[in-house]
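Student: First, the structure itself, so that you have it in front of you.
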Amino acid sequence: MQNKTALVTGITGQDGAWLAKLLLEKGYTVVGAARRNSNRNLYGLKYLGIEEQVKIVDMDLLDYSNIYDVITTIKPDEIYNLAAQSFVAASFKQPLSTGMVDGMGVAYILDIVKTFLPTTKVYQASTSELYGKVVETPQKETTPFYPRSPYAVAKQYAHWMMVNYRESYNIFATCGILFNHESELRGKEFVTRKITNHVAKYSLGDKEVLRLGNLNSSRDWGYAKDYVEGMYLMMQQDNPDTFVLATGTTTTIRDFVNHAYNAINIEVKWEGDGVDEKGFDANTGEQLVMVDPQFFRPAEVELLVGDATKAKEVLGWTPKTSLDELVKIMVDHDIKLNS
Ligand code: F7E
């Protein structure tokens with residue numbers, strides 16, 4: 001058992017909860033940071049049975065003095081920066097605050113670590129969104145970036161600041177370029193959980209039509225619980241580096257819908273094109289899905305598929321959960337939650 005302290009920012013998010021659970025199992029003291037909020041959502045920690053074991057502190061990535069206070073008081077051995085405005089669609093509406101939190105917030109953390117706690121290891125949640133309008137498939141650590149949203153542009157700044165502090169000041173600044181990773185703790189604004197939650201409700205009798213945006217975009221989806229193990233392994237290395245975590249398989253949104261309805265024994269039949277495309281129950285003919293342009297993005301990331309060979313070779317990391325297993329976990333959870 002180790003006796004280290006980890007500061008996990010973004011503790012109220014999906015990854016924060018899964019990572020906190022893993023670190024507690026490894027013997028860490030876990031301090032979780034979250035923006036101050038009168039109605040803080042600790043569902044993830046409660047769901048995983050660790051609410052009592054994680055000390056929560058208020059931390060706002062827009063406020064240097066607040067970050068300084070938290071980091072220099074806790075003196076963590078490891079900082080996992082999972083906090084972000086992480087919803088790509090929202091970043092088009094809030095490009096400036098997204099830039100401040102997702103970009104500048106990381107620079108604050110790095111500079112505090114460099115100046116006051118230079119042996120503290122820092123993990124940054126970089127993202128497959130950096131590849132955006134991809135210039136190479138599959139995408140790996142050496143693939144050039146082409147960000148397609150204010151979210152991804154901010155994350156690119158953060159990513160290169162990590163690399164720059166690593167190279168300039170010998171800070172242990174490691175980046176995980178994680179492809180989409182989902183779970184029953186995913187926010188309902190993200191497409192996977194939106195779909196599984198809808199399908200769960202449908203199976204319980206709520207027959208509303210599911211409204212989605214671009215059905216053709218394709219994502220490399222894994223299980224968040226597997227991915228936090230990769231984060232932890234990256235931080236146990238002797239040297240800081242950058243690693244891709246991905247499954248190597250890509251699936252369209254349309255196919256994810258198929259998987260989700262299959263989990264409740266419904267086969268979806270698709271008809272029409274573009275905004276007129278519709279999904280029907282192949283047995284009853286009832287309409288299940290329609291396209292709603294309000295969910296289109298000003299610029300779309302059409303296809304992501306990652307190559308995690310380096311993580312496998314250096315960290316011994318591989319994803320354990322298949323897409324079918326993931327969909328089943330999410331649909332079953334949402335059926336329970338809505339029952
Ligand atoms: O969209 C399409 C949408 O919002 C996936 C974040 O964790 O992963 C996530 O970013 C795709 C896009 O996730 C709807 O246009 C269609 O092509 O679930 P999402 P994301 O944008 O891939 C990366 C790795 C991150 O780093 C991010 O922080 O699905 N799509 N119809 C839709 N998306 C949503 N949300 N809602 C729809 O109705």
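Each chain of the structure tokens is named A, B, ... in the order shown, its residues numbered from 1; ligands are numbered from 1 in display order.
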Write out as a ChimeraX atom specification which residues come within 9 Å of segment 153-167 of chain A when counting only C-alpha atoms, dropping same-chain ones fewer than 2 positions away.
Tutor: /A:95,98-107,110-111,114,122-127,129-130,145-151,169-175,240-242
Student: Tell me which protein, DNA and RNA residues are within 10 Å of Val314 of chain A, counting only C-alpha atoms, leaving out same-chain ones fewer than 4 positions away, and put them as an MDAnalysis selection string.
Tutor: chainID A and resid 233:234 237 243 309:310
Student: Could the residues that lie within 7 Å of ligand 1, counting only C-alpha atoms and all ligand atoms, be listed as a ChimeraX atom specification?
Tutor: /A:86-89,127-129,178-181,189-192,194,211-215,217-219,253,295-297,300-302
Student: Once you have the residues from the selection above, write them out as an mmCIF file, in the first residue's frame, restricted to C-alpha atoms.
Tutor:
data_model
loop_
_atom_site.group_PDB
_atom_site.id
_atom_site.type_symbol
_atom_site.label_atom_id
_atom_site.label_comp_id
_atom_site.auth_asym_id
_atom_site.auth_seq_id
_atom_site.Cartn_x
_atom_site.Cartn_y
_atom_site.Cartn_z
ATOM 1 C CA SER A 86 -15.911 19.444 -21.273
ATOM 2 C CA PHE A 87 -19.008 19.714 -23.456
ATOM 3 C CA VAL A 88 -17.793 20.484 -26.983
ATOM 4 C CA ALA A 89 -21.162 21.865 -28.150
ATOM 5 C CA THR A 127 -8.336 14.647 -25.568
ATOM 6 C CA SER A 128 -8.871 13.011 -28.939
ATOM 7 C CA GLU A 129 -10.717 16.225 -29.888
ATOM 8 C CA LEU A 178 -8.066 9.910 -24.154
ATOM 9 C CA PHE A 179 -10.557 8.989 -26.823
ATOM 10 C CA ASN A 180 -14.238 9.102 -25.847
ATOM 11 C CA HIS A 181 -14.851 7.138 -22.683
ATOM 12 C CA GLU A 189 -25.801 15.945 -22.421
ATOM 13 C CA PHE A 190 -23.249 13.629 -24.072
ATOM 14 C CA VAL A 191 -24.624 11.551 -26.885
ATOM 15 C CA THR A 192 -24.079 8.052 -25.438
ATOM 16 C CA LYS A 194 -28.519 10.776 -23.898
ATOM 17 C CA ARG A 211 -33.918 13.669 -31.347
ATOM 18 C CA LEU A 212 -30.270 13.590 -32.385
ATOM 19 C CA GLY A 213 -27.857 15.670 -34.461
ATOM 20 C CA ASN A 214 -25.210 14.219 -36.792
ATOM 21 C CA LEU A 215 -25.793 10.456 -37.022
ATOM 22 C CA SER A 217 -20.019 11.059 -36.929
ATOM 23 C CA SER A 218 -17.963 8.231 -35.607
ATOM 24 C CA ARG A 219 -16.283 7.817 -32.244
ATOM 25 C CA ILE A 253 -23.797 7.520 -33.658
ATOM 26 C CA PHE A 295 -27.848 19.413 -32.249
ATOM 27 C CA PHE A 296 -25.555 20.039 -35.239
ATOM 28 C CA ARG A 297 -22.251 21.773 -34.432
ATOM 29 C CA GLU A 300 -17.914 18.760 -36.653
ATOM 30 C CA VAL A 301 -15.296 16.132 -35.846
ATOM 31 C CA GLU A 302 -16.395 13.390 -38.234
#
Student: Extract, using only C-alpha atoms, all DNA, RNA and protein residues at most 8 Å from Gln139 of chain A, discarding same-chain residues fewer than 3 positions from it, and format them as an MDAnalysis selection string.
Tutor: chainID A and resid 131 134 136 142:143 304:307
Student: Keeping N, CA, C and O atoms, export the residues of the selection given above as a compact mmCIF listing (two decimals), in the first residue's frame.
Tutor:
# COMPACT_ATOMS: atom_id res chain seq x y z
N TYR A 131 -7.36 16.03 -32.33
CA TYR A 131 -7.14 15.56 -33.71
C TYR A 131 -8.17 16.13 -34.68
O TYR A 131 -7.89 16.23 -35.88
N VAL A 134 -9.22 15.13 -38.82
CA VAL A 134 -8.02 14.30 -38.71
C VAL A 134 -7.14 14.33 -39.96
O VAL A 134 -7.64 14.35 -41.09
N GLU A 136 -4.64 11.97 -40.13
CA GLU A 136 -4.08 10.62 -40.20
C GLU A 136 -5.03 9.68 -39.46
O GLU A 136 -5.60 10.07 -38.44
N THR A 142 1.92 10.81 -32.30
CA THR A 142 2.66 11.66 -33.23
C THR A 142 1.77 12.31 -34.29
O THR A 142 2.26 13.09 -35.12
N THR A 143 0.49 12.01 -34.29
CA THR A 143 -0.43 12.59 -35.29
C THR A 143 -0.59 14.09 -35.03
O THR A 143 -0.89 14.49 -33.90
N LEU A 304 -13.13 9.66 -35.39
CA LEU A 304 -11.98 9.47 -34.51
C LEU A 304 -11.79 7.98 -34.27
O LEU A 304 -12.76 7.25 -34.01
N VAL A 305 -10.56 7.54 -34.39
CA VAL A 305 -10.22 6.17 -34.01
C VAL A 305 -8.74 6.17 -33.59
O VAL A 305 -7.89 6.64 -34.32
N GLY A 306 -8.50 5.67 -32.40
CA GLY A 306 -7.17 5.81 -31.82
C GLY A 306 -6.31 4.55 -31.93
O GLY A 306 -6.83 3.44 -32.04
N ASP A 307 -5.02 4.77 -31.86
CA ASP A 307 -4.05 3.67 -31.83
C ASP A 307 -3.32 3.75 -30.49
O ASP A 307 -2.49 4.64 -30.27
Student: Once DSSP has gone over the backbone, tell me which residues of segment 132-294 of chain A are in helix (DSSP H, G or I), as an MDAnalysis selection string.
Tutor: chainID A and resid 150:169 191:203 224:235 253:262 274:276 293:294
Student: Let me make sure I understand: among A:Glu78, A:Asp255, A:Asp58, A:Glu182, which one has the smallest atom-to-atom distance to Ala224 of chain A if we use only C-alpha atoms?
Tutor: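 For Ala224 of chain A, the nearest of the candidates is A:Glu182.
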Student: Please extract the residues of segment 66-229 of chain A with a backbone DSSP assignment of strand (DSSP E) and present them as a list in words.
Tutor: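 Put together, the selection reads Glu78, Ile79, Tyr80, Asn81, Lys121, Val122, Tyr123, Gln124, Ala125, Ser126, Thr127, Ala173, Thr174, Cys175, Gly176, Ile177, Leu178, His181, Glu182, Leu210, Arg211, Leu212, Ser218, Arg219, Gly222 and Tyr223 of chain A.
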Student: Figure out the distance between atom CA of Lys312 of chain A and atom CA of Val135 of chain A, please, to one decimal in Å.
Tutor: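 Calculated distance between atom CA of Val135 of chain A and atom CA of Lys312 of chain A is 23.1 Å.
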Student: For Asp332 of chain A, find every residue with an atom within 9 Å (counting only C-alpha atoms), except residues of its own chain fewer than 2 positions away, and show them as JSON, numbers by chain.
Tutor: {"A": [184, 196, 200, 263, 327, 328, 329, 330, 334, 335, 336, 337]}
Student: What would the file look like if the residues just selected were written as a PDB file, in the first residue's frame with N, CA and C atoms?
Tutor:
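Here's the written file out-v2.pdb:
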ATOM      1  N   GLU A 184     -21.913   4.673 -16.904  1.00  0.00           N
ATOM      2  CA  GLU A 184     -23.213   5.022 -16.313  1.00  0.00           C
ATOM      3  C   GLU A 184     -23.140   6.361 -15.577  1.00  0.00           C
ATOM      4  N   THR A 196     -28.722   6.188 -24.096  1.00  0.00           N
ATOM      5  CA  THR A 196     -29.066   5.070 -23.186  1.00  0.00           C
ATOM      6  C   THR A 196     -30.176   5.478 -22.222  1.00  0.00           C
ATOM      7  N   ALA A 200     -33.713   3.618 -22.117  1.00  0.00           N
ATOM      8  CA  ALA A 200     -34.198   3.073 -20.838  1.00  0.00           C
ATOM      9  C   ALA A 200     -35.619   3.547 -20.571  1.00  0.00           C
ATOM     10  N   ALA A 263     -30.162  -3.597 -26.877  1.00  0.00           N
ATOM     11  CA  ALA A 263     -30.083  -3.979 -25.458  1.00  0.00           C
ATOM     12  C   ALA A 263     -31.473  -4.150 -24.838  1.00  0.00           C
ATOM     13  N   VAL A 327     -22.578  -0.594 -23.473  1.00  0.00           N
ATOM     14  CA  VAL A 327     -23.958  -0.168 -23.733  1.00  0.00           C
ATOM     15  C   VAL A 327     -24.899  -0.860 -22.740  1.00  0.00           C
ATOM     16  N   LYS A 328     -24.661  -2.119 -22.503  1.00  0.00           N
ATOM     17  CA  LYS A 328     -25.537  -2.869 -21.579  1.00  0.00           C
ATOM     18  C   LYS A 328     -25.437  -2.298 -20.156  1.00  0.00           C
ATOM     19  N   ILE A 329     -24.199  -2.007 -19.720  1.00  0.00           N
ATOM     20  CA  ILE A 329     -24.017  -1.420 -18.379  1.00  0.00           C
ATOM     21  C   ILE A 329     -24.826  -0.122 -18.279  1.00  0.00           C
ATOM     22  N   MET A 330     -24.728   0.699 -19.327  1.00  0.00           N
ATOM     23  CA  MET A 330     -25.376   2.018 -19.283  1.00  0.00           C
ATOM     24  C   MET A 330     -26.903   1.904 -19.352  1.00  0.00           C
ATOM     25  N   ASP A 334     -29.547   2.876 -16.432  1.00  0.00           N
ATOM     26  CA  ASP A 334     -30.574   3.902 -16.658  1.00  0.00           C
ATOM     27  C   ASP A 334     -31.980   3.350 -16.458  1.00  0.00           C
ATOM     28  N   ILE A 335     -32.154   2.061 -16.726  1.00  0.00           N
ATOM     29  CA  ILE A 335     -33.477   1.455 -16.449  1.00  0.00           C
ATOM     30  C   ILE A 335     -33.720   1.487 -14.935  1.00  0.00           C
ATOM     31  N   LYS A 336     -32.712   1.094 -14.174  1.00  0.00           N
ATOM     32  CA  LYS A 336     -32.853   1.109 -12.701  1.00  0.00           C
ATOM     33  C   LYS A 336     -33.131   2.510 -12.198  1.00  0.00           C
ATOM     34  N   LEU A 337     -32.359   3.472 -12.734  1.00  0.00           N
ATOM     35  CA  LEU A 337     -32.469   4.853 -12.262  1.00  0.00           C
ATOM     36  C   LEU A 337     -33.840   5.452 -12.565  1.00  0.00           C
TER      37      LEU A 337
END
Student: Would you please work out which residue, of A:Glu325, A:Glu52, A:Asp77, A:Asp276, is nearest to Gln236 of chain A when using only C-alpha atoms?
Tutor: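 Comparing A:Glu325, A:Glu52, A:Asp77, A:Asp276 against Gln236 of chain A, the winner is A:Asp77.
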Student: Write out as a VMD selection string each polymer residue whose atoms come within 12 Å of Ile79 of chain A, counting only C-alpha atoms; drop sequence neighbours fewer than 2 positions from it.
Tutor: chain A and resid 4 to 11 16 19 to 20 23 29 to 33 67 70 to 72 74 to 77 81 to 83 106 109 to 110 112 to 113 117 to 125 172 to 175 231 to 232 235
Student: Give me the residues within 8 Å of Glu277 of chain A as a PyMOL selection string, counting only C-alpha atoms and dropping any in the same chain fewer than 5 places off.
Tutor: chain A and resi 270-272+290-291
Student: For atom CA of Ala308 of chain A and atom CA of Phe256 of chain A, determine how far apart the two atoms are, in Å to one decimal place.
Tutor: 21.7 Å
